[in-house]
file protein.txt (compact mmCIF, C-alpha atoms and all ligand atoms)
# COMPACT_ATOMS: atom_id res chain seq x y z
CA MET A 1334 129.98 106.20 83.78
CA ARG A 1335 128.09 107.02 86.98
CA ALA A 1336 124.41 107.63 86.49
CA GLU A 1337 121.58 108.91 88.64
CA ILE A 1338 117.84 108.89 88.07
CA VAL A 1339 115.59 111.73 89.22
CA SER A 1340 111.85 111.07 89.08
CA ILE A 1341 109.85 114.27 89.27
CA GLY A 1342 106.26 114.73 90.42
CA THR A 1343 104.36 115.30 93.65
CA GLU A 1344 102.08 112.36 92.78
CA LEU A 1345 105.10 110.08 93.19
CA LEU A 1346 105.70 111.34 96.73
CA LEU A 1347 102.04 110.91 97.67
CA GLY A 1348 102.07 107.31 96.48
CA GLU A 1349 99.40 108.05 93.90
CA ILE A 1350 101.54 106.66 91.11
CA LEU A 1351 104.38 104.16 91.19
CA ASP A 1352 107.77 105.22 89.91
CA THR A 1353 107.82 102.80 86.99
CA ASN A 1354 110.01 105.20 85.00
CA ALA A 1355 112.94 104.65 87.38
CA GLN A 1356 112.37 100.91 87.23
CA TYR A 1357 112.28 101.00 83.43
CA LEU A 1358 115.46 103.06 83.13
CA GLY A 1359 117.26 101.18 85.90
CA SER A 1360 116.71 97.86 84.16
CA ARG A 1361 118.15 99.19 80.90
CA LEU A 1362 121.38 100.76 82.14
CA PRO A 1363 123.47 97.59 82.80
CA ALA A 1364 123.30 96.58 79.14
CA LEU A 1365 124.78 99.98 78.28
CA GLY A 1366 127.59 99.50 80.79
CA ILE A 1367 126.33 102.41 82.87
CA ASP A 1368 126.47 102.13 86.66
CA LEU A 1369 123.43 103.47 88.47
CA PHE A 1370 124.26 104.86 91.92
CA TYR A 1371 121.22 106.86 93.00
CA VAL A 1372 117.48 107.16 92.38
CA SER A 1373 115.67 110.18 93.83
CA LYS A 1374 112.06 111.28 93.86
CA VAL A 1375 111.15 114.93 94.22
CA GLY A 1376 107.92 116.92 94.05
CA ASP A 1377 106.92 119.76 91.73
CA ASN A 1378 108.73 122.49 93.67
CA ARG A 1379 111.32 124.61 91.88
CA GLY A 1380 113.67 125.08 94.83
CA ARG A 1381 113.74 121.45 95.92
CA LEU A 1382 113.91 120.27 92.32
CA ALA A 1383 116.97 122.50 91.71
CA GLU A 1384 118.50 121.19 94.94
CA VAL A 1385 118.12 117.54 93.92
CA LEU A 1386 119.22 118.15 90.32
CA GLY A 1387 122.16 120.25 91.54
CA ARG A 1388 123.38 117.46 93.79
CA ALA A 1389 122.97 114.95 90.97
CA TRP A 1390 124.90 117.22 88.60
CA GLU A 1391 127.76 117.47 91.12
CA ARG A 1392 128.18 113.77 91.78
CA SER A 1393 127.11 111.98 88.57
CA ASP A 1394 128.25 111.90 84.94
CA LEU A 1395 124.76 111.24 83.67
CA VAL A 1396 121.46 112.42 85.17
CA LEU A 1397 118.25 110.91 83.77
CA ALA A 1398 115.21 112.97 84.78
CA THR A 1399 111.59 112.21 83.94
CA GLY A 1400 108.49 114.34 84.43
CA GLY A 1401 107.73 118.02 84.77
CA LEU A 1402 108.08 118.92 81.07
CA GLY A 1403 104.40 119.74 80.55
CA PRO A 1404 102.99 123.21 79.89
CA THR A 1405 101.51 123.94 83.32
CA ASP A 1406 102.88 126.03 86.18
CA ASP A 1407 103.81 122.96 88.19
CA ASP A 1408 105.95 121.58 85.37
CA LEU A 1409 109.28 123.03 86.44
CA THR A 1410 112.04 120.73 85.22
CA ARG A 1411 113.34 123.10 82.53
CA GLU A 1412 113.36 126.03 84.95
CA ALA A 1413 115.20 124.02 87.62
CA ILE A 1414 117.88 122.82 85.18
CA ALA A 1415 118.42 126.42 84.08
CA ASP A 1416 118.76 127.40 87.76
CA VAL A 1417 121.35 124.67 88.40
CA LEU A 1418 123.49 125.62 85.39
CA ARG A 1419 122.84 129.36 85.85
CA GLU A 1420 121.80 129.69 82.24
CA GLU A 1421 119.10 131.86 80.73
CA ALA A 1422 116.17 130.16 78.97
CA PHE A 1423 115.00 131.42 75.58
CA VAL A 1424 112.25 130.37 73.20
CA ASP A 1425 113.61 128.52 70.19
CA ALA A 1426 111.84 129.66 67.03
CA THR A 1427 112.09 126.30 65.24
CA LEU A 1428 110.75 124.40 68.24
CA GLU A 1429 107.91 126.89 68.62
CA ALA A 1430 106.95 126.46 64.97
CA GLU A 1431 107.00 122.68 65.37
CA LEU A 1432 104.85 122.90 68.47
CA ARG A 1433 102.28 125.10 66.68
CA GLN A 1434 102.33 122.57 63.85
CA PHE A 1435 101.61 119.76 66.34
CA PHE A 1436 98.48 121.55 67.55
CA ALA A 1437 97.39 122.60 64.06
CA GLY A 1438 97.67 118.97 62.98
CA ARG A 1439 95.02 118.18 65.58
CA GLY A 1440 92.82 121.07 64.49
CA MET A 1441 93.63 123.13 67.60
CA THR A 1442 95.24 126.47 68.33
CA MET A 1443 98.18 126.29 70.69
CA PRO A 1444 97.45 127.78 74.14
CA ASP A 1445 100.00 130.46 75.11
CA ARG A 1446 101.26 128.49 78.08
CA ASN A 1447 102.62 125.78 75.79
CA VAL A 1448 105.24 128.20 74.46
CA LYS A 1449 107.49 127.31 77.37
CA GLN A 1450 107.78 123.80 75.96
CA ALA A 1451 109.70 125.36 73.06
CA SER A 1452 112.33 126.85 75.37
CA LEU A 1453 115.99 125.90 75.59
CA ILE A 1454 119.13 127.00 77.40
CA PRO A 1455 122.48 127.38 75.62
CA SER A 1456 123.71 123.97 76.85
CA ALA A 1457 120.52 122.15 75.85
CA ARG A 1458 119.28 120.69 72.60
CA ALA A 1459 115.77 119.36 72.09
CA ILE A 1460 114.98 115.65 71.85
CA SER A 1461 112.02 114.99 69.60
CA ASN A 1462 108.82 113.58 71.06
CA PRO A 1463 106.32 112.55 68.37
CA ARG A 1464 104.00 111.10 71.03
CA GLY A 1465 103.42 114.35 72.90
CA THR A 1466 103.93 118.10 73.00
CA ALA A 1467 106.96 118.22 75.28
CA PRO A 1468 110.34 117.73 73.63
CA GLY A 1469 113.01 116.35 75.91
CA TRP A 1470 116.22 118.16 76.76
CA TRP A 1471 119.74 116.85 76.19
CA VAL A 1472 121.88 119.10 78.36
CA GLU A 1473 125.64 118.82 78.12
CA ARG A 1474 128.41 120.83 79.72
CA ASP A 1475 131.85 120.13 81.20
CA GLY A 1476 131.64 116.48 80.05
CA ARG A 1477 128.48 115.84 82.03
CA VAL A 1478 124.97 115.20 80.80
CA ILE A 1479 121.42 115.73 82.01
CA VAL A 1480 118.69 114.10 79.95
CA ALA A 1481 115.19 115.36 80.78
CA MET A 1482 112.36 113.22 79.43
CA PRO A 1483 108.56 113.51 79.71
CA GLY A 1484 106.78 111.74 82.58
CA PRO A 1485 104.13 109.75 80.67
CA PRO A 1486 105.67 106.29 80.13
CA VAL A 1487 104.52 105.95 76.50
CA GLU A 1488 106.34 109.17 75.61
CA MET A 1489 109.39 108.42 77.75
CA HIS A 1490 109.86 104.84 76.50
CA ARG A 1491 109.92 105.92 72.88
CA MET A 1492 112.30 108.77 73.56
CA TRP A 1493 114.61 106.44 75.47
CA GLU A 1494 114.60 103.69 72.85
CA GLU A 1495 114.81 105.83 69.73
CA GLU A 1496 116.88 108.78 70.88
CA VAL A 1497 118.60 108.52 74.23
CA ALA A 1498 119.77 104.89 74.45
CA PRO A 1499 121.31 104.88 70.93
CA GLU A 1500 123.21 108.09 71.71
CA LEU A 1501 124.52 106.69 75.00
CA LYS A 1502 125.52 103.49 73.23
CA ARG A 1503 127.48 105.44 70.62
CA ARG A 1504 129.46 107.18 73.33
CA HIS A 1505 130.07 104.20 75.49
CA HIS A 1506 133.48 102.54 75.74
CA GLY A 1507 133.39 100.56 78.99
CA ALA A 1508 132.12 97.08 79.75
CA VAL A 1509 128.50 96.04 79.29
CA LEU A 1510 126.58 93.62 81.46
CA VAL A 1511 124.38 91.03 79.77
CA THR A 1512 122.15 88.69 81.77
CA ARG A 1513 120.34 85.46 81.05
CA THR A 1514 117.74 84.14 83.49
CA LEU A 1515 116.77 80.46 83.48
CA LYS A 1516 113.44 79.74 85.19
CA THR A 1517 112.73 76.46 86.94
CA ALA A 1518 109.78 74.81 88.68
CA GLY A 1519 109.44 71.83 90.99
CA LEU A 1520 112.76 72.29 92.79
CA GLY A 1521 113.48 74.29 95.94
CA GLU A 1522 116.16 76.98 96.17
CA ALA A 1523 118.55 74.66 98.02
CA ALA A 1524 118.07 71.83 95.51
CA VAL A 1525 118.79 74.15 92.60
CA ASP A 1526 121.82 75.53 94.40
CA GLU A 1527 123.19 72.04 94.90
CA LEU A 1528 122.67 71.01 91.28
CA ILE A 1529 124.50 74.03 89.95
CA SER A 1530 127.23 74.11 92.62
CA PRO A 1531 129.98 72.81 90.24
CA PHE A 1532 129.58 76.06 88.26
CA SER A 1533 128.60 78.61 90.87
CA GLY A 1534 132.15 79.74 91.73
CA SER A 1535 132.58 81.48 88.36
CA ALA A 1536 133.63 85.14 88.60
CA ASN A 1537 132.61 86.15 85.07
CA PRO A 1538 129.89 85.36 84.33
CA THR A 1539 128.51 85.35 87.85
CA ILE A 1540 125.67 83.01 88.78
CA GLY A 1541 122.87 83.86 91.21
CA VAL A 1542 119.93 81.82 92.50
CA TYR A 1543 116.65 83.56 93.39
CA ALA A 1544 113.35 82.18 94.68
CA ARG A 1545 110.40 83.83 92.92
CA ALA A 1546 106.62 83.30 92.88
CA ASP A 1547 106.90 81.28 89.66
CA GLY A 1548 109.76 79.08 90.88
CA VAL A 1549 113.51 79.35 91.33
CA HIS A 1550 115.42 81.53 88.87
CA VAL A 1551 119.09 81.13 87.99
CA ARG A 1552 120.62 84.32 86.67
CA VAL A 1553 123.86 84.34 84.67
CA ALA A 1554 125.48 87.75 84.25
CA GLY A 1555 128.45 88.32 81.95
CA LYS A 1556 130.55 91.47 81.68
CA ALA A 1557 132.57 92.24 78.54
CA PRO A 1558 133.51 95.14 76.25
CA THR A 1559 130.65 94.34 73.85
CA GLU A 1560 127.26 92.66 74.03
CA GLY A 1561 128.45 89.91 71.67
CA GLU A 1562 131.49 89.09 73.82
CA ALA A 1563 129.35 89.05 76.97
CA MET A 1564 127.01 86.57 75.25
CA GLU A 1565 129.98 84.38 74.33
CA LEU A 1566 130.92 84.27 78.01
CA ILE A 1567 127.39 83.31 79.02
CA LYS A 1568 126.78 80.64 76.38
CA PRO A 1569 128.93 77.74 77.69
CA VAL A 1570 127.81 78.38 81.26
CA GLU A 1571 124.18 78.39 80.19
CA GLU A 1572 124.74 75.02 78.48
CA ASP A 1573 126.25 73.58 81.67
CA LEU A 1574 123.33 74.87 83.73
CA ARG A 1575 120.78 73.51 81.29
CA ARG A 1576 122.42 70.10 81.49
CA ALA A 1577 122.49 70.21 85.30
CA LEU A 1578 118.90 71.37 85.74
CA GLY A 1579 117.39 69.44 82.85
CA PRO A 1580 113.61 69.41 82.57
CA ALA A 1581 113.18 71.58 85.67
CA ILE A 1582 113.80 74.55 83.36
CA TRP A 1583 110.58 75.79 81.82
CA GLY A 1584 111.68 79.08 80.34
CA ALA A 1585 114.14 81.96 80.20
CA ASP A 1586 114.24 85.75 80.46
CA GLU A 1587 110.87 87.19 79.39
CA ASN A 1588 109.05 83.82 79.38
CA THR A 1589 106.15 83.52 81.81
CA LEU A 1590 104.46 80.39 83.14
CA GLU A 1591 101.40 81.15 81.04
CA SER A 1592 103.48 81.54 77.88
CA ALA A 1593 105.39 78.31 78.64
CA VAL A 1594 102.15 76.36 79.22
CA GLY A 1595 100.61 77.94 76.11
CA ALA A 1596 103.60 77.03 73.93
CA ILE A 1597 103.34 73.34 74.86
CA LEU A 1598 99.55 73.22 74.42
CA ASP A 1599 99.92 74.90 71.05
CA GLU A 1600 102.71 72.60 69.92
CA ARG A 1601 100.77 69.48 70.89
CA ASN A 1602 97.38 70.63 69.66
CA LEU A 1603 95.80 70.29 73.09
CA THR A 1604 92.95 72.45 74.38
CA LEU A 1605 92.35 73.77 77.86
CA SER A 1606 89.42 75.05 79.90
CA THR A 1607 88.98 76.17 83.49
CA MET A 1608 86.38 76.35 86.24
CA GLU A 1609 87.33 78.76 88.98
CA SER A 1610 85.74 79.66 92.25
CA CYS A 1611 87.95 81.64 94.66
CA THR A 1612 90.18 83.06 91.91
CA GLY A 1613 87.17 84.67 90.24
CA GLY A 1614 88.46 84.31 86.69
CA LEU A 1615 92.04 85.39 87.37
CA LEU A 1616 93.40 82.10 86.01
CA ALA A 1617 91.51 82.52 82.73
CA SER A 1618 92.60 86.15 82.57
CA THR A 1619 96.25 85.19 83.07
CA ILE A 1620 96.08 82.41 80.47
CA THR A 1621 94.66 84.90 77.96
CA ASP A 1622 97.47 87.40 78.60
CA VAL A 1623 99.36 85.37 75.99
CA PRO A 1624 98.78 86.46 72.37
CA GLY A 1625 97.37 83.56 70.36
CA SER A 1626 95.90 81.81 73.42
CA SER A 1627 92.63 81.37 71.49
CA ARG A 1628 94.35 78.50 69.67
CA TYR A 1629 94.33 76.35 72.83
CA PHE A 1630 92.16 78.04 75.47
CA ARG A 1631 88.50 77.04 75.08
CA GLY A 1632 87.19 79.18 77.92
CA GLY A 1633 86.76 79.64 81.63
CA LEU A 1634 83.72 79.30 83.89
CA VAL A 1635 83.56 81.30 87.11
CA SER A 1636 81.32 79.30 89.40
CA TYR A 1637 81.30 81.38 92.55
CA ALA A 1638 78.02 80.11 93.98
CA THR A 1639 77.48 76.45 94.84
CA GLU A 1640 74.37 76.42 92.59
CA ALA A 1641 76.50 77.67 89.71
CA LYS A 1642 78.90 74.76 90.21
CA ILE A 1643 76.01 72.31 90.22
CA GLY A 1644 74.39 74.06 87.27
CA TRP A 1645 77.54 73.52 85.23
CA GLY A 1646 77.71 69.85 86.07
CA VAL A 1647 79.62 69.51 89.35
CA ASN A 1648 78.22 66.40 91.07
CA GLU A 1649 75.86 67.46 93.85
CA ASP A 1650 76.61 64.35 95.91
CA VAL A 1651 80.33 65.13 95.94
CA ILE A 1652 79.56 68.61 97.28
CA ALA A 1653 77.16 67.16 99.88
CA GLU A 1654 79.78 64.70 101.05
CA HIS A 1655 83.01 66.78 100.91
CA GLY A 1656 81.89 70.42 100.72
CA VAL A 1657 82.88 72.94 98.03
CA ILE A 1658 86.27 73.58 99.65
CA SER A 1659 87.72 70.15 98.92
CA SER A 1660 90.02 68.42 96.49
CA GLU A 1661 87.08 66.23 95.46
CA CYS A 1662 85.15 69.33 94.43
CA ALA A 1663 88.21 70.69 92.55
CA HIS A 1664 88.37 67.43 90.56
CA GLU A 1665 84.67 67.66 89.81
CA MET A 1666 85.12 71.27 88.65
CA ALA A 1667 88.01 70.29 86.35
CA ARG A 1668 85.96 67.45 84.90
CA ALA A 1669 82.87 69.64 84.47
CA ALA A 1670 84.90 72.40 82.74
CA ARG A 1671 86.31 69.84 80.28
CA GLN A 1672 82.87 68.53 79.59
CA GLN A 1673 81.10 71.89 79.24
CA LEU A 1674 83.79 73.41 77.05
CA GLU A 1675 84.83 70.23 75.25
CA SER A 1676 88.54 70.54 75.93
CA ASP A 1677 91.34 68.01 76.34
CA ILE A 1678 92.36 69.36 79.73
CA GLY A 1679 90.27 70.92 82.51
CA VAL A 1680 91.46 72.84 85.58
CA GLY A 1681 89.38 73.30 88.73
CA VAL A 1682 90.28 75.79 91.45
CA THR A 1683 88.38 76.14 94.72
CA GLY A 1684 89.33 77.57 98.09
CA VAL A 1685 88.99 80.40 100.56
CA ALA A 1686 90.40 83.76 99.42
CA GLY A 1687 89.68 85.22 102.87
CA PRO A 1688 89.79 87.09 105.11
CA ASP A 1689 86.99 85.12 106.80
CA LEU A 1690 86.53 81.41 107.35
CA GLN A 1691 84.31 79.60 104.87
CA ASP A 1692 82.73 76.23 105.70
CA GLU A 1693 85.02 76.30 108.75
CA LYS A 1694 88.04 76.28 106.43
CA PRO A 1695 90.70 78.92 107.11
CA PRO A 1696 91.53 81.65 104.59
CA GLY A 1697 94.21 80.61 102.13
CA THR A 1698 92.98 77.02 101.87
CA ILE A 1699 93.29 76.08 98.19
CA HIS A 1700 92.48 72.94 96.20
CA ILE A 1701 93.53 72.71 92.56
CA ALA A 1702 92.89 69.75 90.26
CA ILE A 1703 93.60 69.02 86.63
CA GLU A 1704 91.76 66.38 84.61
CA SER A 1705 92.58 64.99 81.19
CA ASP A 1706 92.20 61.77 79.23
CA SER A 1707 95.60 61.23 77.70
CA LEU A 1708 97.80 62.84 80.34
CA GLY A 1709 96.06 61.69 83.52
CA SER A 1710 95.31 64.00 86.41
CA GLN A 1711 97.16 66.18 88.90
CA GLN A 1712 96.13 67.78 92.12
CA VAL A 1713 97.47 69.90 94.92
CA SER A 1714 96.04 71.21 98.18
CA TYR A 1715 97.73 73.72 100.43
CA GLN A 1716 97.19 76.58 102.79
CA PHE A 1717 98.78 79.95 102.21
CA ALA A 1718 97.65 82.65 104.61
CA GLN A 1719 98.24 86.12 103.21
CA GLY A 1720 96.03 88.90 101.83
CA ARG A 1721 93.13 88.06 99.55
CA GLU A 1722 94.89 89.27 96.42
CA ALA A 1723 98.06 87.30 97.22
CA VAL A 1724 96.03 84.15 97.87
CA LYS A 1725 94.36 84.48 94.47
CA ARG A 1726 97.65 85.19 92.69
CA ARG A 1727 99.38 82.26 94.34
CA ALA A 1728 96.53 79.92 93.35
CA VAL A 1729 96.92 81.02 89.72
CA THR A 1730 100.69 80.53 89.77
CA THR A 1731 100.31 77.11 91.40
CA SER A 1732 97.70 76.08 88.81
CA LEU A 1733 100.09 77.00 86.00
CA VAL A 1734 103.00 75.12 87.64
CA LEU A 1735 100.72 72.09 87.99
CA LEU A 1736 99.71 72.35 84.34
CA LEU A 1737 103.35 72.52 83.35
CA ARG A 1738 104.05 69.43 85.45
CA LEU A 1739 101.24 67.54 83.73
CA LEU A 1740 102.38 68.61 80.28
CA THR A 1741 106.04 67.76 80.82
CA SER A 1742 105.73 64.75 83.15
CA GLU A 1743 106.28 62.06 80.53
CA ARG A 1744 109.38 63.88 79.32
CA ARG A 1745 111.08 63.63 82.69
P1 LIG B 1801 102.66 116.23 80.78
O1 LIG B 1801 102.94 116.98 79.54
O2 LIG B 1801 101.73 115.06 80.56
O3 LIG B 1801 102.30 117.07 81.96
P2 LIG B 1801 105.20 115.87 82.14
O4 LIG B 1801 106.51 115.59 81.51
O5 LIG B 1801 104.99 117.19 82.74
O6 LIG B 1801 104.08 115.50 81.10
P3 LIG B 1801 104.31 114.88 84.63
O7 LIG B 1801 103.31 115.98 84.63
O8 LIG B 1801 105.37 114.91 85.65
O9 LIG B 1801 105.02 114.78 83.21
O10 LIG B 1801 103.59 113.48 84.66
C1 LIG B 1801 102.53 113.21 83.77
C2 LIG B 1801 102.04 111.80 84.00
O11 LIG B 1801 103.04 110.87 83.63
C3 LIG B 1801 101.75 111.45 85.45
O12 LIG B 1801 100.46 111.82 85.83
C4 LIG B 1801 101.93 109.96 85.46
O13 LIG B 1801 100.78 109.32 84.99
C5 LIG B 1801 103.05 109.76 84.49
N1 LIG B 1801 104.34 109.71 85.20
C6 LIG B 1801 105.12 110.75 85.54
N2 LIG B 1801 106.23 110.36 86.18
C7 LIG B 1801 106.17 109.01 86.26
C8 LIG B 1801 107.03 108.00 86.82
N3 LIG B 1801 108.19 108.32 87.42
N4 LIG B 1801 106.63 106.71 86.72
C9 LIG B 1801 105.46 106.41 86.11
N5 LIG B 1801 104.62 107.30 85.57
C10 LIG B 1801 104.95 108.60 85.64
MG MG B 1802 102.97 117.68 83.78
call {"tool": "encode", "arguments": {"input": "protein.txt", "output": "structure tokens", "more": "lines below"}}
Ligand code: ATP
Ligand code: MG
result
Amino acid sequence: MRAEIVSIGTELLLGEILDTNAQYLGSRLPALGIDLFYVSKVGDNRGRLAEVLGRAWERSDLVLATGGLGPTDDDLTREAIADVLREEAFVDATLEAELRQFFAGRGMTMPDRNVKQASLIPSARAISNPRGTAPGWWVERDGRVIVAMPGPPVEMHRMWEEEVAPELKRRHHGAVLVTRTLKTAGLGEAAVDELISPFSGSANPTIGVYARADGVHVRVAGKAPTEGEAMELIKPVEEDLRRALGPAIWGADENTLESAVGAILDERNLTLSTMESCTGGLLASTITDVPGSSRYFRGGLVSYATEAKIGWGVNEDVIAEHGVISSECAHEMARAARQQLESDIGVGVTGVAGPDLQDEKPPGTIHIAIESDSLGSQQVSYQFAQGREAVKRRAVTTSLVLLLRLLTSERR
């Protein structure tokens, strides 16, 4: 089945919002065995919308459109679909009653302009949308399908998961693609490639190696008539890869560095605290992205000013001798965080986020240190010259990799 995504909205063209709907849908099609060939973006203009949808209708079996189902004059998806199929729109009495009910339920009277959200064409049926006023449209004719869903992601995701994906699954008879991603740290792309080379010639599942910010990923993709059969193909290969890569693997699929670090801390009843300078709290924020992090994360201190560092216990003499942008200062910060927050492990991050020099150190200079009693210490210093935000992100990722190294070192 050949599919095409059409993302509708002038905001998308102006770069005011990112097309996360296309990303969301694109990532979910392989598991349904649906091949995605095109993604288009088009503004809220009836003629151009009909042109893009018309082309999609001609060349694809399945068109997934999002956006433009609202009640306002610039919401034109229904009108454009009717134009493409040359069908006349009518107001569906049941849908209109439901829509009035939706407003009444919120103690409001329905504005007249919302009536158009209750319209259909002969080839369309409504898809329910309990999270908003706009029902979707399932349009089907001559063996081809257009699915029009609302633009707001919370409404679209529910409609996809509860209504559209199950229906597509029911109809599907081809092969599905299932993937498993193993995530590693501490090895370069070439090293990983070499370790897995005995298995990498496999045609199904295929194996790919990708360098990412959080380390090198190995992706295994299996194609089979059903999800279960695809998993059976992946399983033995995954076992081989796990044996070959050993402790370099820290997680799979949805796992993040912060969740991997958190899981080990939790399992071993260890607590963590941080003192950050150039990352401004981003490390603490990332650590607390994990639900349940309160079990192991004691807290984070953001000591941006030198006086703040000293105030929280960083040794003044160390700063006088080495400066705040130094590995010595990072160690002091890690130690001080541990002490202030009474944790087993402390992390200190200092550096220059940029774009200007600080203490004659170039932007992107980063020192990270970890201190603990039972596990010893770790430290890394590097220079990574990119934008301010990227420098901060990279420092957070590196801190988490370093933590993982500390926590798994005696297992290696
Ligand atoms: P509404 O009833 O809210 O008007 P709609 O179906 O008409 O819904 P749009 O008006 O096109 O949808 O978009 C509404 C909002 O949904 C946008 O302002 C944006 O925040 C979000 N949105 C729309 N399209 C996308 C997209 N492709 N990716 C991410 N967000 C989107
Ligand atoms: Mg709208």
call {"tool": "residues_near_ligand", "arguments": {"input": "protein.txt", "ligand": "ligand LIG 1801 (chain B)", "cutoff": "10 Å", "atoms": "all atoms listed in the file", "output": "number ranges by chain"}}
result
A: 1338-1345, 1349-1358, 1374-1377, 1398-1410, 1447, 1450, 1465-1469, 1481-1489
call {"tool": "residues_around", "arguments": {"input": "protein.txt", "residues": "Ile1703 in chain A", "least_positions_apart": "2", "cutoff": "10 Å", "atoms": "only C-alpha atoms", "output": "tab-separated table (two decimals) with C-alpha atoms, in the coordinates of the input"}}
result
chain	number	residue	atom	x	y	z
A	1606	SER	CA	89.42	75.05	79.90
A	1607	THR	CA	88.98	76.17	83.49
A	1663	ALA	CA	88.21	70.69	92.55
A	1664	HIS	CA	88.37	67.43	90.56
A	1665	GLU	CA	84.67	67.66	89.81
A	1666	MET	CA	85.12	71.27	88.65
A	1667	ALA	CA	88.01	70.29	86.35
A	1668	ARG	CA	85.96	67.45	84.90
A	1671	ARG	CA	86.31	69.84	80.28
A	1678	ILE	CA	92.36	69.36	79.73
A	1679	GLY	CA	90.27	70.92	82.51
A	1680	VAL	CA	91.46	72.84	85.58
A	1681	GLY	CA	89.38	73.30	88.73
A	1682	VAL	CA	90.28	75.79	91.45
A	1701	ILE	CA	93.53	72.71	92.56
A	1705	SER	CA	92.58	64.99	81.19
A	1708	LEU	CA	97.80	62.84	80.34
A	1709	GLY	CA	96.06	61.69	83.52
A	1710	SER	CA	95.31	64.00	86.41
A	1711	GLN	CA	97.16	66.18	88.90
A	1712	GLN	CA	96.13	67.78	92.12
A	1713	VAL	CA	97.47	69.90	94.92
A	1732	SER	CA	97.70	76.08	88.81
A	1735	LEU	CA	100.72	72.09	87.99
A	1736	LEU	CA	99.71	72.35	84.34
A	1739	LEU	CA	101.24	67.54	83.73
call {"tool": "closest_residue", "arguments": {"input": "protein.txt", "among": "A:His1550, A:Arg1477, A:Arg1503, A:Arg1411", "to": "ligand MG 1802 (chain B)", "atoms": "only C-alpha atoms and all ligand atoms"}}
result
A:Arg1411
call {"tool": "atom_distance", "arguments": {"input": "protein.txt", "atom1": "CA of Arg1474 in chain A", "atom2": "CA of Val1424 in chain A"}}
result
19.9 Å
call {"tool": "residues_near_point", "arguments": {"input": "protein.txt", "point": "(126.1, 83.0, 79.1)", "cutoff": "7 Å", "atoms": "all atoms listed in the file", "output": "PyMOL selection string"}}
result
chain A and resi 1513+1538+1553+1555+1564-1571
call {"tool": "atom_distance", "arguments": {"input": "protein.txt", "atom1": "CA of Ala1585 in chain A", "atom2": "CA of Val1551 in chain A"}}
result
9.3 Å
call {"tool": "atom_distance", "arguments": {"input": "protein.txt", "atom1": "CA of Val1685 in chain A", "atom2": "CA of Ile1699 in chain A"}}
result
6.5 Å
call {"tool": "residues_around", "arguments": {"input": "protein.txt", "residues": "Arg1552 in chain A", "least_positions_apart": "4", "cutoff": "7 Å", "atoms": "all atoms listed in the file", "output": "list in words"}}
result
Thr1512, Arg1513, Thr1514, Leu1515, Ile1540, Gly1541 and Val1542 of chain A
call {"tool": "residues_around", "arguments": {"input": "protein.txt", "residues": "Val1525 in chain A", "least_positions_apart": "3", "cutoff": "12 Å", "atoms": "all atoms listed in the file", "output": "ChimeraX atom specification"}}
result
/A:1515-1522,1528-1533,1540-1544,1548-1552,1574-1575,1577-1579,1581-1582
call {"tool": "closest_residue", "arguments": {"input": "protein.txt", "among": "A:Gln1673, A:Thr1559, A:Thr1683, A:Ser1627", "to": "Cys1611 in chain A", "atoms": "all atoms listed in the file"}}
result
A:Thr1683
call {"tool": "closest_residue", "arguments": {"input": "protein.txt", "among": "A:Gly1534, A:Gly1720, A:Gly1476, A:Gly1438", "to": "Gly1697 in chain A", "atoms": "all atoms listed in the file"}}
result
A:Gly1720
call {"tool": "residues_around", "arguments": {"input": "protein.txt", "residues": "Arg1726 in chain A", "least_positions_apart": "3", "cutoff": "9 Å", "atoms": "only C-alpha atoms", "output": "PyMOL selection string"}}
result
chain A and resi 1612+1615-1616+1721-1723+1729-1731
call {"tool": "residues_around", "arguments": {"input": "protein.txt", "residues": "Phe1423 in chain A", "least_positions_apart": "5", "cutoff": "10 Å", "atoms": "all atoms listed in the file", "output": "mmCIF file with C-alpha atoms, keeping the file's coordinate frame"}}
result
data_model
loop_
_atom_site.group_PDB
_atom_site.id
_atom_site.type_symbol
_atom_site.label_atom_id
_atom_site.label_comp_id
_atom_site.auth_asym_id
_atom_site.auth_seq_id
_atom_site.Cartn_x
_atom_site.Cartn_y
_atom_site.Cartn_z
ATOM 1 C CA LYS A 1449 107.490 127.310 77.370
ATOM 2 C CA ALA A 1451 109.700 125.360 73.060
ATOM 3 C CA SER A 1452 112.330 126.850 75.370
ATOM 4 C CA LEU A 1453 115.990 125.900 75.590
ATOM 5 C CA ILE A 1454 119.130 127.000 77.400
ATOM 6 C CA PRO A 1455 122.480 127.380 75.620
#
